[in-house]
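Colleague: Below: one structure in structure tokens.
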Amino acid sequence: MFKHILVPIDGSPTSELAVDKAIGLARAFDSAVTAIYVVDPYPFTGVGADFAYGQGQYLNAAKAHATQALANARTAMEEAGVTITTATVEAHSVWRGILEAADSGGADLIVMGSHGRSGIEKLVLGNVAQRVTSHTRLPVLLVRA
């Protein structure tokens, strides 16, 4: 049914649950999986941060975090016998990066975690899952903690 599953991750426990769900689906449907980590090269870093990064420091830290999160996803997938490709994607908004990766990679399902933000946190940080689901025609499986 699903030939190519896209799993956007952010290193959170919720995205790790999405990886687990993607493993089950990939095994059931013999699907290929692509895990991506989207880095926004120009984030708004002033809210909720203990300190402000310089641009170069931010990108280095974000890419290091992406590398670790993708390595964890790769290990989980390979241990389950699932074929996986990983990539770090740069986009000016995470949800757009996810949709661009889905389109360019030929995904036919997106499996992603949803943090369930609400109130001021949703207003300030946004809701990536909501934007992905409202801007794609692909089926999206949202995994919640």
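Ligands are numbered from 1 in the order shown, residues from 1 within each chain, and chains are lettered A, B, ... in the order they appear in the structure tokens.
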Residues at most 10 Å from Gly81 in chain A, counting only C-alpha atoms, excluding those fewer than 6 positions away in the same chain, as a list in words?
Modeller: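 Contacts, with the query itself left out: Ile23, Ala26, Arg27 and Thr75 of chain A.
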Colleague: Would you list, as a PyMOL selection string, the residues of range 30-140 of chain A that end up in strand (DSSP E) under DSSP run on this structure's backbone?
Modeller: chain A and resi 32-39+84-90+109-114+140
Colleague: My list of candidates is A:Leu59, A:Leu141, A:Thr133, A:Ala73. Which is closest to Ile9 in chain A when distances are computed with only C-alpha atoms?
Modeller: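 Under the stated criterion, the closest residue is A:Ala73.
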Colleague: I need the residue nearest Leu99 in chain A from this list: A:Gly24, A:Pro13, A:Gly113, A:Pro8. Use only C-alpha atoms for the distance.
Modeller: A:Pro8
Colleague: Given the choices A:Ser134, A:Leu109, A:Ala69, A:Ala129, which gets closest to Ser12 in chain A if the distance is worked out from only C-alpha atoms?
Modeller: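 Of the candidates, the smallest distance to Ser12 in chain A is held by A:Ala69.
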Colleague: Please compute the CA of Ala32 in chain A-CA of Val89 in chain A distance, one decimal, in Å.
Modeller: 18.4 Å
Colleague: Smallest atom-to-atom distance to His92 in chain A: which of A:Val143, A:Leu138, A:Val38, A:Met112, using only C-alpha atoms?
Modeller: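 Using only C-alpha atoms, the shortest distance to His92 in chain A belongs to A:Val38.
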Colleague: Using only C-alpha atoms, find the one residue out of A:Met1, A:Ala145, A:Ala18, A:Ala66 that sits nearest to Tyr37 in chain A.
Modeller: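 For Tyr37 in chain A, the nearest of the given residues is A:Ala66.
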Colleague: Go through A:Pro139, A:Gly105, A:Gly97, A:Pro41 one by one, measure the shortest atom-to-atom distance of each to Lys63 in chain A using only C-alpha atoms, and give the residue with the smallest value.
Modeller: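 Closest to Lys63 in chain A, using only C-alpha atoms: A:Pro41.
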Colleague: Find the distance between CA of Val19 in chain A and CA of Tyr58 in chain A and write it in Å to one decimal.
Modeller: 25.5 Å
Colleague: Take CA of Ala28 in chain A and CA of Arg96 in chain A and report the distance between them in Å, one decimal.
Modeller: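 It comes out at 28.5 Å.
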